[in-house]
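Data block for query_23.tsv (TSV, C-alpha atoms):
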chain	number	residue	atom	x	y	z
A	92	MET	CA	-68.70	36.07	11.50
A	93	SER	CA	-65.56	34.41	12.87
A	94	ARG	CA	-65.40	32.58	16.12
A	95	THR	CA	-62.98	35.08	17.65
A	96	SER	CA	-65.19	37.95	16.81
A	97	ARG	CA	-67.89	36.38	18.96
A	98	MET	CA	-65.50	36.08	21.92
A	99	SER	CA	-65.33	38.55	24.73
A	100	GLY	CA	-62.28	40.84	25.11
A	101	PRO	CA	-60.61	38.80	27.89
A	102	ALA	CA	-61.18	35.57	25.97
A	103	ARG	CA	-59.59	37.04	22.85
A	104	ARG	CA	-56.57	38.22	24.87
A	105	LEU	CA	-56.25	34.74	26.38
A	106	LEU	CA	-56.34	33.12	22.96
A	107	ARG	CA	-53.70	35.55	21.65
A	108	SER	CA	-51.47	34.66	24.63
A	109	ALA	CA	-52.00	30.99	24.00
A	110	GLY	CA	-51.01	31.56	20.37
A	111	ALA	CA	-47.87	33.36	21.41
A	112	VAL	CA	-47.02	30.47	23.70
A	113	ALA	CA	-47.59	28.01	20.87
A	114	VAL	CA	-45.26	29.96	18.58
A	115	ALA	CA	-42.65	30.15	21.33
A	116	ILE	CA	-42.91	26.39	21.93
A	117	GLY	CA	-42.57	25.79	18.21
A	118	LEU	CA	-39.42	27.85	18.00
A	119	ALA	CA	-37.99	26.29	21.13
A	120	THR	CA	-38.72	22.81	19.78
A	121	ALA	CA	-37.12	23.63	16.47
A	122	LEU	CA	-34.00	25.10	18.03
A	123	SER	CA	-33.62	22.30	20.54
A	124	ALA	CA	-33.93	19.77	17.72
A	125	CYS	CA	-30.97	21.37	16.00
A	126	GLY	CA	-28.96	21.81	19.13
A	127	GLY	CA	-29.73	18.46	20.63
A	128	SER	CA	-27.28	16.47	18.60
A	129	ASP	CA	-24.52	18.91	19.45
A	130	ASN	CA	-25.20	18.62	23.13
A	131	ASN	CA	-25.03	14.85	23.00
A	132	SER	CA	-21.72	14.73	21.22
A	133	THR	CA	-18.22	15.83	22.00
A	134	SER	CA	-17.34	18.70	19.75
A	135	SER	CA	-13.74	19.00	18.67
A	136	ALA	CA	-11.72	20.77	16.05
A	137	PRO	CA	-11.33	18.76	12.85
A	138	THR	CA	-8.17	16.71	12.74
A	139	VAL	CA	-6.20	16.90	9.53
A	140	THR	CA	-3.96	13.89	9.05
A	141	VAL	CA	-1.04	14.51	6.73
A	142	GLY	CA	0.75	11.44	5.49
A	143	PRO	CA	4.47	11.08	4.91
A	144	GLN	CA	5.93	13.45	2.38
A	145	THR	CA	8.20	12.30	-0.41
A	146	GLU	CA	10.92	14.55	-1.78
A	147	LEU	CA	13.47	13.93	-4.50
A	148	PHE	CA	17.03	15.19	-4.39
A	149	GLU	CA	18.75	14.88	-7.74
A	150	GLY	CA	22.07	16.22	-8.87
A	151	LYS	CA	25.54	15.64	-10.21
A	152	LEU	CA	28.36	14.68	-7.91
A	153	ASP	CA	31.96	15.44	-8.82
A	154	VAL	CA	34.92	13.36	-7.80
A	155	ARG	CA	35.70	14.15	-4.13
A	156	GLY	CA	32.59	16.29	-4.06
A	157	SER	CA	29.52	16.42	-1.88
A	158	ALA	CA	26.02	17.84	-2.13
A	159	PHE	CA	23.22	18.33	0.35
A	160	TYR	CA	19.52	19.13	0.39
A	161	SER	CA	17.46	20.64	3.21
A	162	PHE	CA	13.95	19.60	4.12
A	163	THR	CA	11.44	20.35	6.88
A	164	VAL	CA	9.99	17.72	9.20
A	165	ARG	CA	6.56	18.73	10.59
A	166	ASP	CA	5.79	15.75	12.85
A	167	THR	CA	7.97	13.38	14.83
A	168	GLY	CA	8.56	10.16	12.94
A	169	ASP	CA	10.95	8.07	10.93
A	170	ALA	CA	12.58	9.58	7.87
A	171	THR	CA	13.97	7.21	5.25
A	172	PHE	CA	16.66	7.99	2.71
A	173	MET	CA	17.05	5.93	-0.44
A	174	LEU	CA	20.07	6.41	-2.68
A	175	ALA	CA	17.93	5.33	-5.59
A	176	SER	CA	20.11	6.18	-8.53
A	177	VAL	CA	23.80	6.53	-9.24
A	178	THR	CA	24.53	6.68	-12.95
A	179	THR	CA	27.48	7.81	-15.00
A	180	SER	CA	27.11	11.26	-16.41
A	181	THR	CA	29.09	10.36	-19.51
A	182	THR	CA	26.70	7.59	-20.60
A	183	PRO	CA	23.32	8.68	-19.20
A	184	GLY	CA	21.23	5.96	-17.67
A	185	THR	CA	24.04	3.51	-17.05
A	186	SER	CA	24.03	2.52	-13.40
A	187	THR	CA	27.22	2.21	-11.42
A	188	GLY	CA	27.91	0.25	-8.27
A	189	VAL	CA	30.07	2.95	-6.72
A	190	VAL	CA	29.73	3.30	-2.96
A	191	LEU	CA	28.97	6.79	-1.68
A	192	GLY	CA	28.54	8.41	1.70
A	193	LEU	CA	24.94	9.18	2.68
A	194	GLY	CA	24.14	11.13	5.81
A	195	VAL	CA	21.45	13.09	7.60
A	196	GLY	CA	21.98	16.07	9.85
A	197	SER	CA	21.23	19.74	10.32
A	198	PRO	CA	22.08	22.60	8.00
A	199	LEU	CA	24.61	25.02	9.42
A	200	GLY	CA	25.78	28.01	7.45
A	201	THR	CA	26.41	26.79	3.93
A	202	GLY	CA	26.93	23.18	4.93
A	203	CYS	CA	25.25	20.14	6.42
A	204	VAL	CA	26.45	18.86	9.79
A	205	GLN	CA	25.79	15.13	9.60
A	206	THR	CA	24.71	13.25	12.69
A	207	LYS	CA	24.16	9.85	11.12
A	208	THR	CA	25.95	8.44	8.08
A	209	VAL	CA	26.09	5.21	6.13
A	210	LEU	CA	27.92	3.91	3.09
A	211	ALA	CA	25.51	3.12	0.29
A	212	PHE	CA	25.26	2.20	-3.36
A	213	GLY	CA	22.33	2.72	-5.69
A	214	ALA	CA	19.43	0.52	-4.62
A	215	LEU	CA	15.67	0.65	-4.22
A	216	GLN	CA	15.76	0.15	-0.47
A	217	SER	CA	16.48	2.78	2.17
A	218	PRO	CA	19.81	2.14	3.94
A	219	LEU	CA	19.41	5.17	6.20
A	220	VAL	CA	16.50	5.64	8.62
A	221	SER	CA	16.39	8.30	11.29
A	222	ASN	CA	13.70	9.27	13.79
A	223	LEU	CA	13.34	13.02	13.54
A	224	THR	CA	11.47	15.61	15.56
A	225	PRO	CA	9.97	18.68	13.88
A	226	GLY	CA	12.67	20.93	12.45
A	227	ILE	CA	14.89	21.55	9.48
A	228	TYR	CA	17.27	18.80	8.43
A	229	CYS	CA	19.57	18.00	5.55
A	230	VAL	CA	20.64	14.92	3.67
A	231	GLN	CA	24.10	14.80	2.18
A	232	VAL	CA	25.70	12.59	-0.43
A	233	SER	CA	29.44	12.55	-0.84
A	234	ASP	CA	32.30	10.81	-2.57
A	235	VAL	CA	34.25	8.84	0.02
A	236	GLY	CA	37.14	8.18	-2.36
A	237	ASN	CA	35.58	5.60	-4.67
A	238	MET	CA	34.61	7.79	-7.59
A	239	THR	CA	36.78	8.16	-10.66
A	240	ILE	CA	34.28	10.05	-12.83
A	241	PRO	CA	31.35	12.36	-12.04
A	242	VAL	CA	27.98	10.68	-11.43
A	243	ASN	CA	24.33	11.67	-11.48
A	244	PHE	CA	22.46	10.71	-8.34
A	245	ALA	CA	18.92	10.67	-7.04
A	246	ILE	CA	17.89	10.37	-3.39
A	247	ARG	CA	14.31	9.71	-2.35
A	248	ILE	CA	13.45	11.21	1.04
A	249	VAL	CA	10.28	10.15	2.84
A	250	HIS	CA	9.57	12.04	6.06
A	251	THR	CA	6.71	13.09	8.30
B	98	MET	CA	-56.88	31.61	14.56
B	99	ARG	CA	-56.04	28.53	16.59
B	100	ARG	CA	-55.89	26.57	13.36
B	101	SER	CA	-53.49	29.09	11.79
B	102	LEU	CA	-51.30	29.10	14.86
B	103	GLY	CA	-51.13	25.33	14.78
B	104	LEU	CA	-50.21	25.48	11.10
B	105	ALA	CA	-47.44	27.96	11.88
B	106	PHE	CA	-46.11	25.55	14.52
B	107	VAL	CA	-46.03	22.67	12.05
B	108	VAL	CA	-44.37	24.79	9.33
B	109	MET	CA	-41.67	26.02	11.69
B	110	SER	CA	-40.94	22.54	12.95
B	111	THR	CA	-40.72	21.22	9.40
B	112	LEU	CA	-38.40	23.99	8.31
B	113	ALA	CA	-36.26	23.47	11.37
B	114	ALA	CA	-36.02	19.76	10.70
B	115	ALA	CA	-35.10	20.44	7.09
B	116	GLY	CA	-32.39	22.82	8.22
B	117	CYS	CA	-30.96	20.22	10.55
B	118	GLY	CA	-30.86	17.74	7.70
B	119	SER	CA	-27.79	19.37	6.21
B	120	ASN	CA	-25.67	17.28	8.58
B	121	ASN	CA	-26.48	14.23	6.50
B	122	ASN	CA	-24.46	15.46	3.53
B	123	THR	CA	-21.23	13.72	4.53
B	124	THR	CA	-18.75	12.11	2.20
B	125	THR	CA	-16.63	9.17	3.14
B	126	PRO	CA	-13.02	9.60	1.97
B	127	SER	CA	-11.69	6.83	-0.17
B	128	SER	CA	-8.23	5.76	-1.23
B	129	THR	CA	-6.82	3.12	-3.51
B	130	ALA	CA	-3.94	1.07	-2.20
B	131	PRO	CA	-1.48	-0.38	-4.70
B	132	THR	CA	-1.64	-4.11	-5.22
B	133	ALA	CA	0.81	-6.66	-6.51
B	134	GLY	CA	0.63	-7.49	-10.18
B	135	THR	CA	2.23	-7.41	-13.58
B	136	THR	CA	2.32	-4.41	-15.85
B	137	THR	CA	2.81	-5.04	-19.56
B	138	PHE	CA	3.38	-2.27	-22.02
B	139	THR	CA	4.26	-1.86	-25.68
B	140	ALA	CA	5.83	1.23	-27.19
B	141	THR	CA	7.97	2.32	-30.07
B	142	LEU	CA	11.52	3.15	-29.12
B	143	ALA	CA	13.07	5.84	-31.26
B	144	PRO	CA	16.79	6.00	-32.06
B	145	GLY	CA	18.57	7.29	-28.97
B	146	GLY	CA	15.27	7.25	-27.11
B	147	THR	CA	13.71	5.77	-24.03
B	148	VAL	CA	10.38	4.13	-23.19
B	149	ILE	CA	9.36	4.19	-19.54
B	150	SER	CA	6.43	2.82	-17.55
B	151	GLN	CA	5.64	3.66	-13.94
B	152	PHE	CA	4.28	1.27	-11.34
B	153	SER	CA	3.67	1.11	-7.59
B	154	ALA	CA	4.94	-1.58	-5.28
B	155	SER	CA	2.55	-2.33	-2.44
B	156	THR	CA	5.21	-3.69	-0.12
B	157	THR	CA	8.81	-4.89	0.04
B	158	GLY	CA	9.62	-7.58	-2.51
B	159	THR	CA	11.28	-8.40	-5.78
B	160	VAL	CA	10.52	-6.70	-9.06
B	161	SER	CA	11.20	-8.61	-12.26
B	162	VAL	CA	11.63	-6.74	-15.52
B	163	THR	CA	11.36	-8.64	-18.79
B	164	LEU	CA	12.12	-7.35	-22.26
B	165	SER	CA	9.72	-9.79	-23.93
B	166	THR	CA	9.91	-8.94	-27.63
B	167	THR	CA	11.30	-6.43	-30.04
B	168	ASP	CA	10.32	-5.71	-33.63
B	169	PRO	CA	12.68	-5.97	-35.49
B	170	PRO	CA	13.34	-9.11	-33.48
B	171	SER	CA	16.43	-9.69	-31.36
B	172	THR	CA	17.34	-6.04	-31.04
B	173	PRO	CA	19.74	-5.53	-28.15
B	174	LEU	CA	18.56	-2.81	-25.78
B	175	GLY	CA	19.28	-1.41	-22.38
B	176	ILE	CA	16.61	-1.99	-19.77
B	177	GLY	CA	16.46	-0.52	-16.31
B	178	ILE	CA	14.52	0.09	-13.14
B	179	GLY	CA	14.53	3.15	-10.94
B	180	ILE	CA	12.40	5.88	-9.45
B	181	PRO	CA	10.46	8.60	-11.31
B	182	GLY	CA	12.72	11.61	-11.72
B	183	ALA	CA	14.27	14.01	-14.16
B	184	ASN	CA	16.86	11.81	-15.79
B	185	LEU	CA	16.59	9.21	-18.53
B	186	GLY	CA	13.10	9.62	-19.97
B	187	GLY	CA	11.72	10.67	-16.58
B	188	CYS	CA	13.28	7.78	-14.71
B	189	ASP	CA	16.33	7.93	-12.45
B	190	MET	CA	17.78	4.50	-13.10
B	191	THR	CA	19.01	2.35	-10.24
B	192	LYS	CA	19.96	-0.76	-12.09
B	193	THR	CA	20.47	-1.24	-15.82
B	194	VAL	CA	21.52	-4.10	-18.07
B	195	GLN	CA	22.02	-4.59	-21.78
B	196	THR	CA	20.04	-7.52	-23.09
B	197	LEU	CA	18.26	-9.28	-25.91
B	198	PRO	CA	14.52	-9.93	-25.70
B	199	GLY	CA	13.49	-13.20	-24.09
B	200	GLY	CA	10.93	-15.04	-22.04
B	201	THR	CA	12.58	-14.77	-18.64
B	202	ALA	CA	13.28	-11.69	-16.60
B	203	GLN	CA	16.58	-10.10	-17.50
B	204	LEU	CA	16.58	-7.71	-14.51
B	205	THR	CA	15.45	-8.07	-10.92
B	206	ALA	CA	15.63	-5.72	-7.99
B	207	THR	CA	14.43	-5.66	-4.40
B	208	VAL	CA	12.18	-2.71	-3.63
B	209	GLU	CA	10.20	-1.37	-0.72
B	210	GLY	CA	6.66	-0.04	-1.09
B	211	GLY	CA	6.47	3.07	-3.28
B	212	SER	CA	6.49	4.41	-6.82
B	213	TYR	CA	8.98	3.14	-9.36
B	214	CYS	CA	9.65	3.10	-13.08
B	215	ALA	CA	11.09	0.65	-15.54
B	216	GLY	CA	11.84	0.86	-19.21
B	217	ALA	CA	14.11	0.35	-22.15
B	218	PHE	CA	16.61	2.59	-23.88
B	219	ASP	CA	18.63	2.57	-27.04
B	220	ILE	CA	22.24	1.48	-26.72
B	221	GLY	CA	23.00	2.14	-30.41
B	222	ALA	CA	21.15	-0.69	-32.11
B	223	VAL	CA	17.87	1.04	-32.90
B	224	GLY	CA	17.48	1.89	-36.58
B	225	ARG	CA	15.89	5.04	-37.95
B	226	ASN	CA	12.45	3.39	-38.06
B	227	GLY	CA	12.57	2.64	-34.37
B	228	VAL	CA	11.88	-0.61	-32.53
B	229	LEU	CA	8.57	-1.87	-31.22
B	230	VAL	CA	9.23	-2.95	-27.64
B	231	THR	CA	7.07	-5.10	-25.39
B	232	MET	CA	8.03	-5.29	-21.72
B	233	SER	CA	6.49	-6.64	-18.57
B	234	VAL	CA	7.15	-5.70	-14.97
B	235	ALA	CA	6.07	-8.05	-12.18
B	236	HIS	CA	5.99	-6.27	-8.83
B	237	PRO	CA	4.95	-6.96	-5.22
Could you take the file, read its structure, and then write that structure out as structure tokens?
Amino acid sequence: MSRTSRMSGPARRLLRSAGAVAVAIGLATALSACGGSDNNSTSSAPTVTVGPQTELFEGKLDVRGSAFYSFTVRDTGDATFMLASVTTSTTPGTSTGVVLGLGVGSPLGTGCVQTKTVLAFGALQSPLVSNLTPGIYCVQVSDVGNMTIPVNFAIRIVHT
Amino acid sequence: MRRSLGLAFVVMSTLAAAGCGSNNNTTTPSSTAPTAGTTTFTATLAPGGTVISQFSASTTGTVSVTLSTTDPPSTPLGIGIGIPGANLGGCDMTKTVQTLPGGTAQLTATVEGGSYCAGAFDIGAVGRNGVLVTMSVAHP
């Protein structure tokens, strides 16, 4: 015969209540253990950090011609523009020292309205740096009168 | 009954603790920063072809490109440095020279941190069997 079966009715009811309390305490303890760390910390949405983006603008530039490329800046920061390659299109791969116009601005209609320009030749350093706020911008390369034959060019754009 | 209730309490607490343990499964992100060094590569250059190697500069500095040897020896070639792109063999050349192989750098260029490429290309002297080219690129 079990111990409970020997108990009186009120005693059994008391024990059942005590059991219910014990179960409730157990659940409360378990839940508070999970929730405790959250309460002691500052919850915040995860922050996703996106590094600078690199884009490549390649093309062929005709004598007295120009070409532009649009890109989107997502965060305020410096954008750098490297006229990395200017080679003759007749003998591929042969670099030229021709000086070109390089500018940054905003696209308007079918063109690029430049707000900052420099003269540059092919090099692995960025001659043009501009602090840009989020928006759509364009980089333009153009013959400023120095070209005698068409050239292939490549511009590396690094922006936020 | 008291014993079974106590057991239930312990089981629930254990399960709850196990459930909370999932927060420990965190992974620390890792990244590899480029470091200064010298890249040496050997490849067979086909007639009219290009051999290119890519490297990363860790900071601003000077890159030195050396056409060390060719086989057949003393084959004149074009060598260049640029950025990875769609032109010559996957490299948009910035600076090129025509040279014979030798022990000192035939081409130098100042770069800022980033990805670059260097290589050799045929300027008309590579025979139908090709040329075995060994180059080295010292970068910041």
Neighbour list for Val249 (chain A) as a PyMOL selection string, cut-off 9 Å, only C-alpha atoms, skip fewer than 4 positions in-chain: chain A and resi 143-147+169-173
What does the distance between CA of Ala222 (chain B) and CA of Gly186 (chain B) come to in Å, to one decimal place?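 Between these atoms lies a distance of 17.8 Å.
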Sel. within 6 Å of pt (12.0, -7.1, -7.1), counting all atoms listed in the file, output as a list in words: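 Within 6 Å of (12.0, -7.1, -7.1), the protein and nucleic acid residues are Gly158, Thr159, Val160, Ser161, Thr205, Ala206, Thr207 and Val208 of chain B.
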Pick from B:Thr137, B:Thr157, B:Thr163, B:Asn184, whichever lies nearest to Thr178 (chain A) using only C-alpha atoms: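 Once distances to Thr178 (chain A) are computed over only C-alpha atoms, the minimum belongs to B:Asn184.
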Which of these residues is nearest to Ser171 (chain B), using only C-alpha atoms: B:Gly224, B:Gly187, B:Gly146, B:Gly199?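 Among B:Gly224, B:Gly187, B:Gly146, B:Gly199, it is B:Gly199 that comes nearest to Ser171 (chain B).
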Minimum-distance residue to chain B, chosen among A:Leu223, A:Val141, A:Leu215, A:Leu193 (using all atoms listed in the file): A:Leu215
Which one is closest to chain A: B:Cys188, B:Ala130, B:Met232, B:Leu204? Count only C-alpha atoms. B:Cys188
Give me, please, the distance in Å between CA of Phe138 (chain B) and CA of Val230 (chain B), quoted to one decimal.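 It comes out at 8.1 Å.
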Please measure the separation of CA of Asp219 (chain B) and CA of Gly175 (chain B), giving the value in Å to one decimal.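 Distance reported for this atom pair: 6.2 Å.
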Contacts of Ser157 (chain A) at 8 Å (only C-alpha atoms; same-chain gap of 4+ positions) as a JSON list (two decimals) with C-alpha atoms, keeping the file's coordinate frame:
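Dumped to selection.json:
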[["chain", "number", "residue", "atom", "x", "y", "z"],
["A", 152, "LEU", "CA", 28.36, 14.68, -7.91],
["A", 153, "ASP", "CA", 31.96, 15.44, -8.82],
["A", 231, "GLN", "CA", 24.10, 14.80, 2.18],
["A", 232, "VAL", "CA", 25.70, 12.59, -0.43],
["A", 233, "SER", "CA", 29.44, 12.55, -0.84],
["A", 234, "ASP", "CA", 32.30, 10.81, -2.57]]
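In terms of minimum interatomic distance to Thr132 (chain B), B:Ser212 ranks closest within B:Thr193, B:Ser212, B:Ser165, B:Gln203, counting all atoms listed in the file.
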